[in-house]
Amino acid sequence: MSNNRSKLSNWILSKLLPDVYLEEFFGDLKEMYDHRLEVKGKTYARLMYWVDTVHLLFGFSSIRLFKTQNNNVIMIQNMFKMAIRSARKQKQFTILNLLGLSLGITACLFIGLYIHEESTYDTFHEKGDRIYRVNQPMIWNAWDEQFASTGPNVALALKEEAPEFEELTRLLSLGPQTLRMTNGADDFSLVKETKFFGAEENFFKVFSFKAIQGNLDNALKDPLSIVITQETAQRYFGYEEAVGKFIEVKEFNDEWRSYTVKAVIEDIPTKSHLQFDILVSFSSYPEMFKDSEWKWIWTGFSTYGLVQEGTDIEALTEKIQAVPPKYAPATTTRIFNQSYEEFTNGNPWTLYLQPLRDLYLSNEPDSHRFGPTGKPQPIKIFTAIGVLILILSSINFMNLSTARSGHRAKEIGVKKVLGSHRRSLIYQFIFESVLFVFVSTIVAFFTVWLTTDSFNELSNKSLDISQLIVDPVFIALTITFVLVLGILAGAYPAFYLSSFRPVQALKGGLSTAFKGKTLRNGLVIFQFTISIALVICTFFVQRQLNYASSLNLGFDRDNVLQIHNMEQLGSQLNVLKSKLSSNPTIEAIGTSYATPANVWDGERYKTKGPEPSIADMSNFRTEGEYLDLLGVEFIAGRNFDPTRVNDKYSVVLNERAVKALGWGTPDTWKENSPIGKMVVCAFDNEEELELIGIVKDFNYNTLKEDIEPLVIMHQENDKIWNYGLGRAFISLRLNSELINSSESLSSFLNEVESEVHNVDTETMFEYSFMDQDFEATFREEKRMGKVLNLFSMMMMVIACLGLFGLATFSAEQRLKELCIRKVLGAKVSNLVITFSSEFTILVGVSILIAIPVSYFLVDSWLNGFAFHTPIQAWVFVLATALTMVLAVLTIGYQSFANAKKNPATVLKNT
Amino acid sequence: MKDKGLGEFEELVLLAVCILEGTAYGVSVKNEVEKHSGRSILLGAIHITLYRLQDKGYLKSEMGGNTEKRGDRRKRLFSITPTGLKQLKASQDVRQKMWQLIPQLNAGQ
C-alpha cells in the first residue's frame, strides 16, 4: 500500500539524494508509515511521510550546500537571504503577489491539463501512425462538408484499387439492441446495449485492443461471434470465464439469437474515439451484404485503412479519387435512377484520408457514429483564456515589483555605494522573481491536486495531475516555464531598479520610483480591458444558453412523455395506444418513428414533371394525432385524417420544404396553391405522395442549426420502405394539474410500465421527456459555460488584486499629501474622491476600450447560432457597472483607510 | 579538529545509541530519544546527527537486519566507537565538575 502511495516521494528522494542513503531511508520511512497508519490513520501517515521526505531532503542535500566555500553558492545563499528578508518586510505585497500568480498558474495548469487530455486521444494503437479513416462529402445535403461515414462498398472498392492499404476494415453501429441476461432457469432480465457495433474480421489487425480472455486473431471470423469488454463481461457473467458462453440478442423479428463470446478485451480507454461494449462479427449478417448495388449510399459505416509503411498519403489520396466515379454509378442508377453526374450535381465525390490522431479533435467532420468527438473551438477559447490569465498575472507581478521599487531604492543605493555591480543587482531581482514564480507554481500544483475532482465534476472530464507530475517531459516543461516566466516578469523591475543612480536613490528615491507610472497605468488599463471584455462575453454566453432553452420551438415541449422501444411491439403498438388513451392523466397521445430534438433521417425528393426540382429533405414518419399532440400550426391544407383511408399515402410539408421544392412562399400560395400537388420520392419505386397540408416551420432538431425542410409522411405508408432508424415511440401529453408532484409522476410511470408489460413482457420500458431531450442538446455548451464563468471570475479577481496592490502602493506614496490636505481642511469624503479618481479614470478608460472589443467578439460568436439572443445594451451596462463597483470598492478601501488617519501622527513620523 | 565537543542533541543521540546497543538505527534512535526527552523529533534530524557523529568518528555503522516490516530493506546499524564513548564520558565529567561548583546546590548539603 505504502509502496504505491510513496512512489512519487521516493522517486524525488532517489533523484536528489546519494544512493548510499536510499535503502535505509526508504526502510525507515516505510516502518514509520506503517506504524502511523495503525495509530493515527491514513491521512496523517501520508502527510507525515511527505513531511519526513522533505525534511530528509533538506537535511541531506543541504549538508553539502551550506558547507561549501564556493563563491557562487555563497552568492546564491545571499540572494536567497535577501529575497526572504524583503519578502518578509513587505508582507502585503508578498501575499498579493503570490496569490495573484498562484491563481494565474492554477488556471493555466487546469487549461493545460484539459488541452493535454483532449489532444492525446487514440495514442494507444500500436500502428496508430498508419491508420486513416476514409471520409467522404456529406452526400445527402451538404457536399461541402466532410462526413465520417461511407457506404460499405467504399472499402471493397479501395481494396480492389489501392494495394497501398495493408488492411481495410469497416465498422457499423448496430445499437441500441436489446439483450437478454439469464439470471436463473426461467428468469431473464432485459438489457439495452447502445455501444453495440458490427466489426470485420480484421478489426484487431488494425486497432490494438488487448485480450484478457480468448484470442483476438480469429475472434470475429465466424458468424454469431462476439467480443466484449471486461466491464460488459462482468455485467453478464460476473467473474466467471466468459469465453465460450452465450449472449442472446433480440432480432427485428422478435426472435432471440445466441452469440458466442470469443474473447474478452480490456475496457476501452476513455481517450479513444471508438467506444464500444460489444463487437459482433459482420458474418453474422450475411443478408446485409448480399445486394451490393446500393451499398454506396448506405452511409452507416466507417471505413478505416491501415496503409503500408512508407506510403505517400498525398499520392494515395489523389489516386483513390478515381474510385467513386468508377464504382458509385451502379448505385445511383439503381436507386435514384440518376446518373452519377446527376446525383452529385457536379460536386466532386472526394475521398479524404484522415489520420487517426486527428479524428477526435478536428474541425471536420464534426461527429461520427462510434464515440465522442472533441470540439476544437472550446480548446481554442480556453487556450486564449489561459494565455491571457497568465499574461494578466505576470503583469500584476511586474506592476507590483516596480511599484515596490520605492522601498528598495535605498537598499540598491547602499549596495551600489558598497561596490555592487549592476549585473549582480539584476541577478538578485531576477532570482527573486524566479523564486516567487517557483513558490507560486508549487502552490498552484497543490491547489490543482486538491481541486481536480470538483473541476472534473464541473467540466465532465477526467483530468489527473498525478500521472503528469512524474513525467520527465512535464517536469522539464514546468522548470522551463518557471524560468521563462520568472525572468520575463522580473526583467523589467530588474533592469529598471538596477539603473537607479545611488546618490539620487539615497537622497530620496521616491521621485525616481514614480518614473514607471505611465507604463504601470498602461498595464492596468490593459488588464481591466481584458477582464471586462471577458465578463461581458461570459454574460452573453450565459444569455445565449438560457435563450436557447426558453426559445419558442413552434410547439409546446412541456409535459410530453415519450415511451421508447415501441418498435418492439410491432402490430401491438396500437393495442397499447388505445389502452393508454383511456387514462385520464393523458391529454393527448400519438405515435411517431422519431421525436423532435432527434430527427436525423433524410431522403431525396422531387416534384413531378419532365424537369423536376430536386431537394434533399429530412423526413419524419408519424400520424395525425401526434401532430395534434405537438400542436404545430397548419398554415394551409389539413392534418392526416384517420377516417380517410388514402391519407396514409399523402404527405405534410413544412414551409421550407414547400419552398425547397419550388412551390413558393405563403404569399404565392393564394394564386397557385401547392396543396394537392405530388411529392415524388427520388428513390426506389418513385412513389408519389399527395401534399395535403403545410405546417409552420418548427424546430425539430437542436437549436444550434437552422430549421431544415421537412417531409412528414404517414407511418402506415406501406409502399415506402423507409422506416427511419427502425424505432418507434408513443408520446403522451400529460395533464400538468394531475401530475403535479414527484409521487404522482412516479405512480403514473408505474401504471404506464405495467400497461406496456401487459402488452408485451419482452419490451423494455424506457422513457424520456421532450423538454429534457432539448436541454440535452445543449449539455456540452452549458458545461463550457460554467467553466467559462469560473475562469472569468478568476480573471476578475486577479485584476482586482493587481489594482489593490497598486492602490496600496500609491496610498503610501500619497499619504503625506493627503494628510496635508486634511490639515488644510479637506473632508474625508473629498480625500477619498481625490484619491480614488486616479484609478477610477484608468478603469473608465478600460471600459471604453472593452465595450467595442467585446461587442465584436460576441457578435461573431452569436452569428454561429441559427437562433441567437439579441445583443442588448443593458448587458454591457451591467457588466461595466459591476466591474466599476468592484474596482471602486478595492480602491475605496485603501483611500478610506488613509483618509481616516490622524495627520498629526503621519506628518510627525516622517 | 581534535576536540570538537558535543552538542546537546548530539549527546542525546549518542546516549540513545549506547542504550540500544547493536539495535540502533534511524527509527529506533528516534523513538528512544523521543521517549526520554519527551519532544517530538523528525527523522531527518536524527539521520543528520547520526551521520555527523559518524564523521566525527564517535559512531561506526554497517548495513544489516532486513525485515519484512521495512519492505525487505536493510537498516544501517550504528554503534559507538571507543572515541565516542570517551567523548561522552568527557562531557559528562565536565558537567559533573561544574555541577559541584554551583553554590546554591551545594549550600543545602
# chains A, B, ... in the order shown; residues from 1 in each chain; ligands from 1

$ residues_around --residues "segment 529-543 of chain A" --least-positions-apart "5" --cutoff "7 Å" --atoms "only C-alpha atoms" --output "list in words"
Gly785, Leu788, Asn789, Ser792, Met795, Met796, Ser846, Ile847, Ile849, Ala850, Ile851, Val853, Ser854, Val858, Thr869, Phe876, Ala879, Thr880 and Thr883 of chain A

$ closest_atom_pairs --of "chain A" --to "chain B" --cutoff "6 Å" --atoms "only C-alpha atoms" --output "tab-separated table"
residue	atom	partner	partner_atom	distance
A:Glu24	CA	B:Lys75	CA	5.0
A:Gly27	CA	B:Arg70	CA	4.7
A:Asp28	CA	B:Val27	CA	5.9
A:Lys30	CA	B:Arg70	CA	5.8
A:Glu31	CA	B:Arg70	CA	5.3
A:His55	CA	B:Gly44	CA	5.4
A:Leu56	CA	B:Gly44	CA	4.5

$ residues_around --residues "Ile586 of chain A" --least-positions-apart "4" --cutoff "12 Å" --atoms "only C-alpha atoms" --output "JSON, numbers by chain"
{"A": [559, 560, 561, 577, 578, 579, 580, 581, 582, 590, 629, 730, 731, 732, 733, 734, 735, 736, 737, 738, 739, 745, 748, 749, 751, 752]}

$ write_last_selection --atoms "C-alpha atoms" --output "PDB file, in the first residue's frame"
ATOM      1  CA  ASN A 559     -45.226  17.721 -20.189  1.00  0.00           C
ATOM      2  CA  VAL A 560     -44.580  15.406 -23.092  1.00  0.00           C
ATOM      3  CA  LEU A 561     -43.593  11.902 -22.018  1.00  0.00           C
ATOM      4  CA  LYS A 577     -52.064   3.116 -27.640  1.00  0.00           C
ATOM      5  CA  SER A 578     -55.782   2.527 -27.277  1.00  0.00           C
ATOM      6  CA  LYS A 579     -55.313   1.114 -23.778  1.00  0.00           C
ATOM      7  CA  LEU A 580     -53.361   4.157 -22.678  1.00  0.00           C
ATOM      8  CA  SER A 581     -55.709   6.688 -24.256  1.00  0.00           C
ATOM      9  CA  SER A 582     -58.422   5.863 -21.706  1.00  0.00           C
ATOM     10  CA  GLY A 590     -49.681   9.926 -30.608  1.00  0.00           C
ATOM     11  CA  LEU A 629     -50.241  16.487 -29.673  1.00  0.00           C
ATOM     12  CA  ILE A 730     -45.583   6.628 -28.174  1.00  0.00           C
ATOM     13  CA  SER A 731     -45.788  10.177 -26.891  1.00  0.00           C
ATOM     14  CA  LEU A 732     -48.175  11.317 -24.211  1.00  0.00           C
ATOM     15  CA  ARG A 733     -49.067  14.853 -23.285  1.00  0.00           C
ATOM     16  CA  LEU A 734     -49.751  14.771 -19.587  1.00  0.00           C
ATOM     17  CA  ASN A 735     -52.252  16.860 -17.711  1.00  0.00           C
ATOM     18  CA  SER A 736     -49.995  19.062 -15.643  1.00  0.00           C
ATOM     19  CA  GLU A 737     -52.692  19.529 -12.999  1.00  0.00           C
ATOM     20  CA  LEU A 738     -52.945  15.819 -12.317  1.00  0.00           C
ATOM     21  CA  ILE A 739     -49.201  15.272 -12.482  1.00  0.00           C
ATOM     22  CA  LEU A 745     -45.448  11.189 -11.601  1.00  0.00           C
ATOM     23  CA  PHE A 748     -48.215   7.308 -13.249  1.00  0.00           C
ATOM     24  CA  LEU A 749     -44.972   5.916 -14.699  1.00  0.00           C
ATOM     25  CA  GLU A 751     -49.065   2.486 -14.391  1.00  0.00           C
ATOM     26  CA  VAL A 752     -47.659   3.014 -17.878  1.00  0.00           C
TER      27      VAL A 752
END

$ select_by_dssp --residues "segment 531-751 of chain A" --states "alpha helix (DSSP H)" --output "PyMOL selection string"
chain A and resi 531-550+573-581+624-630+655-660+666-669+742-751

$ closest_residue --among "A:Phe778, A:Tyr547, A:Phe93, A:Phe26" --to "Ala403 of chain A" --atoms "only C-alpha atoms"
A:Phe93

$ closest_residue --among "A:Asp859, A:Asp217, A:Glu266, A:Glu753" --to "Tyr767 of chain A" --atoms "only C-alpha atoms"
A:Glu753

$ atom_distance --atom1 "atom CA of Gln321 of chain A" --atom2 "atom CA of Trp349 of chain A"
7.7 Å

$ residues_around --residues "segment 302-314 of chain A" --least-positions-apart "3" --cutoff "10 Å" --atoms "only C-alpha atoms" --output "ChimeraX atom specification"
/A:127-135,147-156,158-159,162-173,203,205-207,299,317-319,352-356,368-370

$ atom_distance --atom1 "atom CA of Ser394 of chain A" --atom2 "atom CA of Leu485 of chain A"
7.6 Å
